[in-house]
Amino acid sequence: MTAPLSRARTQILRVCASAAQLSLALDFDGTLVPIQRDPHDPRLSRAQQRVLAQLAAMPGVTLSIISGRQVHDVESRVGVRRAYYAGNHGLEIRVGGQWCVRPAVRWARVIRRAARDLRGLARQMPRLLVEEKGPVLAVHYRNVPRTRWRAVRAQVRRIFRRYTHSGAMRIQEGKAVIELRPRSRHHKGWAVQWIRARRGGTARAATVLAIGDDATDEDLFRSVRPPGVSIHVGRGSTIAHYRTVAPSMVWTLLTSMITLRKAVRKEGCVTRR
Ligand SMILES: [Mg+2]
């Protein structure tokens, strides 16, 4: 049962501040920034960038931004160099401007073909946003009148099914978005585990704090083991431990975490003396 974040905030902060190794796995849209009509709009403020940069620079902390956007897209919107970035729900991973996991070119070819098949529908519906994201094709219908959402989804699914017959591709739905993507082991939960393994040493057993708002974040939440914590932002069903209403609460939590983690380290030094 998912409990309100407010009820466990202090306890979560204590877990995250005292963990020798902490892996922060944060989604972007709907989690760090409110969802906007135009997906090109969301960006972090300077102050928010500073919060993430501080966290990423803290000893024992690994910061990962794990998004459905293409990796270079989310990387440019967040702009914190020390963070790991997983794009397309874990199909691609970068850190420090270098590739770690890169999807095969063959997927992009399939996606280009599927995007061509969608052109007719996109012409009929100018508010439909078709986005080619390398190995993933996303159709955003947030700006289409709500009364037409069901019909749009059915039409897009019909076109995507031409590519799912072989079993190599699959359809995935999110908040007002429907995607065609490779069927692979890569998902958000896989990405956070991969990053922990890459960090190696004690970071392999890092305590995970996972925060997300959409269907694909459930994969992330599923990968969290005790004493790790998962937080869902917004309404809707979830397997996350806790729920909060808006991205602003996520920032409050992250900011408090910096203060408390610093305090715990300082106290630790005093104790050792
Ligand atoms: Mg999201």
# chains A, B, ... in the order shown; residues from 1 in each chain; ligands from 1

$ closest_atom_pairs --of "chain A" --to "ligand 1" --cutoff "7 Å" --atoms "only C-alpha atoms and all ligand atoms" --output "tab-separated table"
residue	atom	partner	partner_atom_place_in_ligand_line	distance
A:Asp27	CA	ligand 1	1 (Mg)	5.5
A:Phe28	CA	ligand 1	1 (Mg)	5.5
A:Asp29	CA	ligand 1	1 (Mg)	4.1
A:Gly30	CA	ligand 1	1 (Mg)	4.6
A:Thr31	CA	ligand 1	1 (Mg)	5.7
A:Ser67	CA	ligand 1	1 (Mg)	6.7
A:Gly212	CA	ligand 1	1 (Mg)	5.8
A:Asp213	CA	ligand 1	1 (Mg)	4.9
A:Asp214	CA	ligand 1	1 (Mg)	5.1

$ closest_atom_pairs --of "region 167-269 of chain A" --to "region 97-104 of chain A" --cutoff "10 Å" --atoms "only C-alpha atoms" --output "CSV"
residue,atom,partner,partner_atom,distance
A:Pro182,CA,A:Pro103,CA,9.5
A:His186,CA,A:Pro103,CA,9.9
A:Ala191,CA,A:Val101,CA,9.5
A:Trp194,CA,A:Val101,CA,9.7
A:Ile195,CA,A:Cys100,CA,9.4
A:Arg198,CA,A:Cys100,CA,9.5

$ write_last_selection --atoms "C-alpha atoms" --output "PDB file, in the first residue's frame"
ATOM      1  CA  PRO A 182      12.508  -2.520 -29.113  1.00  0.00           C
ATOM      2  CA  HIS A 186      16.505  -2.459 -21.013  1.00  0.00           C
ATOM      3  CA  ALA A 191      19.425   1.084 -15.990  1.00  0.00           C
ATOM      4  CA  TRP A 194      23.580  -1.260 -14.482  1.00  0.00           C
ATOM      5  CA  ILE A 195      24.812   2.084 -13.176  1.00  0.00           C
ATOM      6  CA  ARG A 198      29.431   0.117 -13.251  1.00  0.00           C
TER       7      ARG A 198
END

$ select_by_dssp --residues "region 6-254 of chain A" --states "alpha helix (DSSP H)" --output "PyMOL selection string"
chain A and resi 6-18+46-57+71-78+105-117+119-124+149-164+188-199+217-222+247-254

$ select_by_dssp --residues "region 106-225 of chain A" --states "strand (DSSP E or B)" --output "list of chain:residue names"
A:Leu129, A:Val130, A:Glu131, A:Glu132, A:Lys133, A:Val136, A:Leu137, A:Ala138, A:Val139, A:His140, A:Met169, A:Arg170, A:Ile171, A:Gln172, A:Glu173, A:Gly174, A:Val177, A:Ile178, A:Glu179, A:Leu180, A:Arg181, A:Pro182, A:Thr207, A:Val208, A:Leu209, A:Ala210, A:Ile211, A:Gly212

$ closest_residue --among "A:Thr62, A:Thr216, A:Thr207, A:Gln11" --to "Glu179 (chain A)" --atoms "only C-alpha atoms"
A:Thr216

$ closest_residue --among "A:Arg50, A:Arg81, A:Ala3, A:Ala86" --to "Ile258 (chain A)" --atoms "only C-alpha atoms"
A:Arg50

$ closest_residue --among "A:Gly96, A:Gly167, A:Pro145, A:Gly174" --to "Gly68 (chain A)" --atoms "only C-alpha atoms"
A:Gly174

$ closest_residue --among "A:Ala206, A:Ala197, A:Ile12, A:Ala108" --to "Val61 (chain A)" --atoms "only C-alpha atoms"
A:Ala206

$ residues_around --residues "region 36-39 of chain A" --least-positions-apart "5" --cutoff "10 Å" --atoms "only C-alpha atoms" --output "NGL selection string"
:A and (29-30 or 69 or 129 or 140-143)

$ closest_residue --among "A:Gly234, A:Gly228, A:Gly200, A:Pro4" --to "Ala246 (chain A)" --atoms "only C-alpha atoms"
A:Gly234

$ atom_distance --atom1 "CA of Arg243 (chain A)" --atom2 "CA of Val144 (chain A)"
28.5 Å

$ residues_around --residues "Thr244 (chain A)" --least-positions-apart "6" --cutoff "8 Å" --atoms "only C-alpha atoms" --output "list in words"
Pro4, Leu5, Ser6, Ile231, His232, Val233, Gly234 and Val250 of chain A

$ closest_residue --among "A:Thr259, A:Thr2, A:Thr164, A:Ser23" --to "Ala114 (chain A)" --atoms "only C-alpha atoms"
A:Thr164

$ residues_around --residues "Val78 (chain A)" --least-positions-apart "5" --cutoff "9 Å" --atoms "only C-alpha atoms" --output "list in words"
Phe28, Arg43, Leu44, Ser45, Gln48, Gln49, Leu52, Ile65 and Asp73 of chain A

$ write_last_selection --atoms "C-alpha atoms" --output "short mmCIF file (atom, residue, chain, number, x, y, z; two decimals), in the first residue's frame"
data_model
loop_
_atom_site.label_atom_id
_atom_site.label_comp_id
_atom_site.auth_asym_id
_atom_site.auth_seq_id
_atom_site.Cartn_x
_atom_site.Cartn_y
_atom_site.Cartn_z
CA PHE A 28 12.67 14.07 -15.36
CA ARG A 43 14.21 22.95 -18.29
CA LEU A 44 15.74 23.18 -14.82
CA SER A 45 16.35 26.54 -13.18
CA GLN A 48 17.69 23.42 -9.32
CA GLN A 49 20.82 22.64 -11.32
CA LEU A 52 21.56 18.36 -8.39
CA ILE A 65 18.51 10.95 -14.32
CA ASP A 73 17.80 15.65 -24.82
#

$ atom_distance --atom1 "CA of Arg181 (chain A)" --atom2 "CA of Met169 (chain A)"
5.5 Å

$ decode --residues "region 104-149 of chain A" --atoms "N, CA and C atoms" --output "mmCIF file, in the first residue's frame"
data_model
loop_
_atom_site.group_PDB
_atom_site.id
_atom_site.type_symbol
_atom_site.label_atom_id
_atom_site.label_comp_id
_atom_site.auth_asym_id
_atom_site.auth_seq_id
_atom_site.Cartn_x
_atom_site.Cartn_y
_atom_site.Cartn_z
ATOM 1 N N ALA A 104 21.409 -0.262 -30.748
ATOM 2 C CA ALA A 104 21.834 -0.674 -32.087
ATOM 3 C C ALA A 104 21.167 0.190 -33.162
ATOM 4 N N VAL A 105 21.900 0.430 -34.245
ATOM 5 C CA VAL A 105 21.409 1.287 -35.329
ATOM 6 C C VAL A 105 20.172 0.692 -35.999
ATOM 7 N N ARG A 106 20.095 -0.650 -35.969
ATOM 8 C CA ARG A 106 18.965 -1.285 -36.687
ATOM 9 C C ARG A 106 17.606 -0.799 -36.165
ATOM 10 N N TRP A 107 17.530 -0.468 -34.887
ATOM 11 C CA TRP A 107 16.243 -0.020 -34.326
ATOM 12 C C TRP A 107 15.836 1.313 -34.947
ATOM 13 N N ALA A 108 16.793 2.187 -35.147
ATOM 14 C CA ALA A 108 16.484 3.504 -35.714
ATOM 15 C C ALA A 108 15.907 3.361 -37.125
ATOM 16 N N ARG A 109 16.384 2.345 -37.849
ATOM 17 C CA ARG A 109 15.866 2.125 -39.216
ATOM 18 C C ARG A 109 14.390 1.741 -39.173
ATOM 19 N N VAL A 110 14.048 0.829 -38.250
ATOM 20 C CA VAL A 110 12.643 0.398 -38.092
ATOM 21 C C VAL A 110 11.780 1.602 -37.716
ATOM 22 N N ILE A 111 12.305 2.412 -36.791
ATOM 23 C CA ILE A 111 11.557 3.574 -36.292
ATOM 24 C C ILE A 111 11.293 4.579 -37.420
ATOM 25 N N ARG A 112 12.273 4.771 -38.281
ATOM 26 C CA ARG A 112 12.080 5.701 -39.415
ATOM 27 C C ARG A 112 10.950 5.214 -40.323
ATOM 28 N N ARG A 113 10.912 3.876 -40.532
ATOM 29 C CA ARG A 113 9.839 3.312 -41.380
ATOM 30 C C ARG A 113 8.481 3.537 -40.725
ATOM 31 N N ALA A 114 8.395 3.251 -39.445
ATOM 32 C CA ALA A 114 7.121 3.412 -38.716
ATOM 33 C C ALA A 114 6.695 4.878 -38.713
ATOM 34 N N ALA A 115 7.667 5.783 -38.604
ATOM 35 C CA ALA A 115 7.346 7.226 -38.598
ATOM 36 C C ALA A 115 6.754 7.627 -39.951
ATOM 37 N N ARG A 116 7.262 7.037 -41.028
ATOM 38 C CA ARG A 116 6.705 7.329 -42.365
ATOM 39 C C ARG A 116 5.255 6.884 -42.434
ATOM 40 N N ASP A 117 4.963 5.712 -41.830
ATOM 41 C CA ASP A 117 3.585 5.187 -41.822
ATOM 42 C C ASP A 117 2.630 6.101 -41.063
ATOM 43 N N LEU A 118 3.166 6.888 -40.162
ATOM 44 C CA LEU A 118 2.317 7.760 -39.331
ATOM 45 C C LEU A 118 2.029 9.110 -39.990
ATOM 46 N N ARG A 119 2.710 9.379 -41.103
ATOM 47 C CA ARG A 119 2.588 10.721 -41.693
ATOM 48 C C ARG A 119 1.153 11.103 -42.034
ATOM 49 N N GLY A 120 0.380 10.149 -42.580
ATOM 50 C CA GLY A 120 -1.010 10.427 -42.966
ATOM 51 C C GLY A 120 -1.824 10.881 -41.768
ATOM 52 N N LEU A 121 -1.685 10.133 -40.676
ATOM 53 C CA LEU A 121 -2.434 10.445 -39.458
ATOM 54 C C LEU A 121 -2.008 11.807 -38.899
ATOM 55 N N ALA A 122 -0.710 12.070 -38.942
ATOM 56 C CA ALA A 122 -0.188 13.342 -38.412
ATOM 57 C C ALA A 122 -0.690 14.524 -39.254
ATOM 58 N N ARG A 123 -0.880 14.293 -40.549
ATOM 59 C CA ARG A 123 -1.412 15.371 -41.406
ATOM 60 C C ARG A 123 -2.857 15.698 -41.037
ATOM 61 N N GLN A 124 -3.633 14.620 -40.762
ATOM 62 C CA GLN A 124 -5.044 14.829 -40.377
ATOM 63 C C GLN A 124 -5.151 15.529 -39.019
ATOM 64 N N MET A 125 -4.172 15.276 -38.166
ATOM 65 C CA MET A 125 -4.220 15.794 -36.787
ATOM 66 C C MET A 125 -2.970 16.590 -36.477
ATOM 67 N N PRO A 126 -2.954 17.864 -36.822
ATOM 68 C CA PRO A 126 -1.732 18.659 -36.639
ATOM 69 C C PRO A 126 -1.275 18.770 -35.176
ATOM 70 N N ARG A 127 -2.199 18.515 -34.239
ATOM 71 C CA ARG A 127 -1.798 18.642 -32.827
ATOM 72 C C ARG A 127 -1.095 17.394 -32.296
ATOM 73 N N LEU A 128 -1.070 16.379 -33.130
ATOM 74 C CA LEU A 128 -0.368 15.159 -32.744
ATOM 75 C C LEU A 128 1.128 15.418 -32.910
ATOM 76 N N LEU A 129 1.906 15.077 -31.905
ATOM 77 C CA LEU A 129 3.350 15.310 -32.016
ATOM 78 C C LEU A 129 4.060 13.966 -32.171
ATOM 79 N N VAL A 130 4.645 13.764 -33.354
ATOM 80 C CA VAL A 130 5.364 12.514 -33.620
ATOM 81 C C VAL A 130 6.845 12.786 -33.412
ATOM 82 N N GLU A 131 7.455 12.013 -32.514
ATOM 83 C CA GLU A 131 8.843 12.261 -32.160
ATOM 84 C C GLU A 131 9.684 11.008 -32.407
ATOM 85 N N GLU A 132 10.652 11.133 -33.314
ATOM 86 C CA GLU A 132 11.598 10.024 -33.553
ATOM 87 C C GLU A 132 12.720 10.180 -32.553
ATOM 88 N N LYS A 133 12.886 9.169 -31.690
ATOM 89 C CA LYS A 133 13.897 9.271 -30.630
ATOM 90 C C LYS A 133 14.943 8.172 -30.824
ATOM 91 N N GLY A 134 15.513 8.077 -32.015
ATOM 92 C CA GLY A 134 16.489 7.016 -32.287
ATOM 93 C C GLY A 134 15.811 5.672 -32.326
ATOM 94 N N PRO A 135 15.968 4.850 -31.267
ATOM 95 C CA PRO A 135 15.381 3.508 -31.285
ATOM 96 C C PRO A 135 13.906 3.471 -30.858
ATOM 97 N N VAL A 136 13.335 4.611 -30.584
ATOM 98 C CA VAL A 136 11.945 4.680 -30.089
ATOM 99 C C VAL A 136 11.164 5.722 -30.880
ATOM 100 N N LEU A 137 9.908 5.385 -31.177
ATOM 101 C CA LEU A 137 9.025 6.350 -31.834
ATOM 102 C C LEU A 137 7.914 6.705 -30.845
ATOM 103 N N ALA A 138 7.779 7.992 -30.550
ATOM 104 C CA ALA A 138 6.767 8.422 -29.580
ATOM 105 C C ALA A 138 5.717 9.282 -30.271
ATOM 106 N N VAL A 139 4.462 9.020 -29.947
ATOM 107 C CA VAL A 139 3.375 9.859 -30.445
ATOM 108 C C VAL A 139 2.711 10.501 -29.229
ATOM 109 N N HIS A 140 2.864 11.824 -29.109
ATOM 110 C CA HIS A 140 2.285 12.566 -27.982
ATOM 111 C C HIS A 140 0.927 13.106 -28.420
ATOM 112 N N TYR A 141 -0.115 12.820 -27.643
ATOM 113 C CA TYR A 141 -1.457 13.306 -28.016
ATOM 114 C C TYR A 141 -2.048 14.231 -26.959
ATOM 115 N N ARG A 142 -1.207 14.791 -26.086
ATOM 116 C CA ARG A 142 -1.675 15.668 -25.010
ATOM 117 C C ARG A 142 -2.459 16.875 -25.549
ATOM 118 N N ASN A 143 -2.051 17.402 -26.708
ATOM 119 C CA ASN A 143 -2.682 18.613 -27.244
ATOM 120 C C ASN A 143 -3.874 18.347 -28.152
ATOM 121 N N VAL A 144 -4.197 17.072 -28.353
ATOM 122 C CA VAL A 144 -5.389 16.691 -29.125
ATOM 123 C C VAL A 144 -6.577 16.760 -28.156
ATOM 124 N N PRO A 145 -7.760 17.210 -28.610
ATOM 125 C CA PRO A 145 -8.904 17.247 -27.683
ATOM 126 C C PRO A 145 -9.144 15.866 -27.037
ATOM 127 N N ARG A 146 -9.430 15.893 -25.729
ATOM 128 C CA ARG A 146 -9.574 14.666 -24.949
ATOM 129 C C ARG A 146 -10.580 13.680 -25.545
ATOM 130 N N THR A 147 -11.631 14.224 -26.172
ATOM 131 C CA THR A 147 -12.677 13.364 -26.734
ATOM 132 C C THR A 147 -12.127 12.466 -27.852
ATOM 133 N N ARG A 148 -10.984 12.822 -28.377
ATOM 134 C CA ARG A 148 -10.425 12.049 -29.492
ATOM 135 C C ARG A 148 -9.289 11.118 -29.062
ATOM 136 N N TRP A 149 -8.927 11.160 -27.783
ATOM 137 C CA TRP A 149 -7.774 10.395 -27.317
ATOM 138 C C TRP A 149 -7.916 8.894 -27.612
#
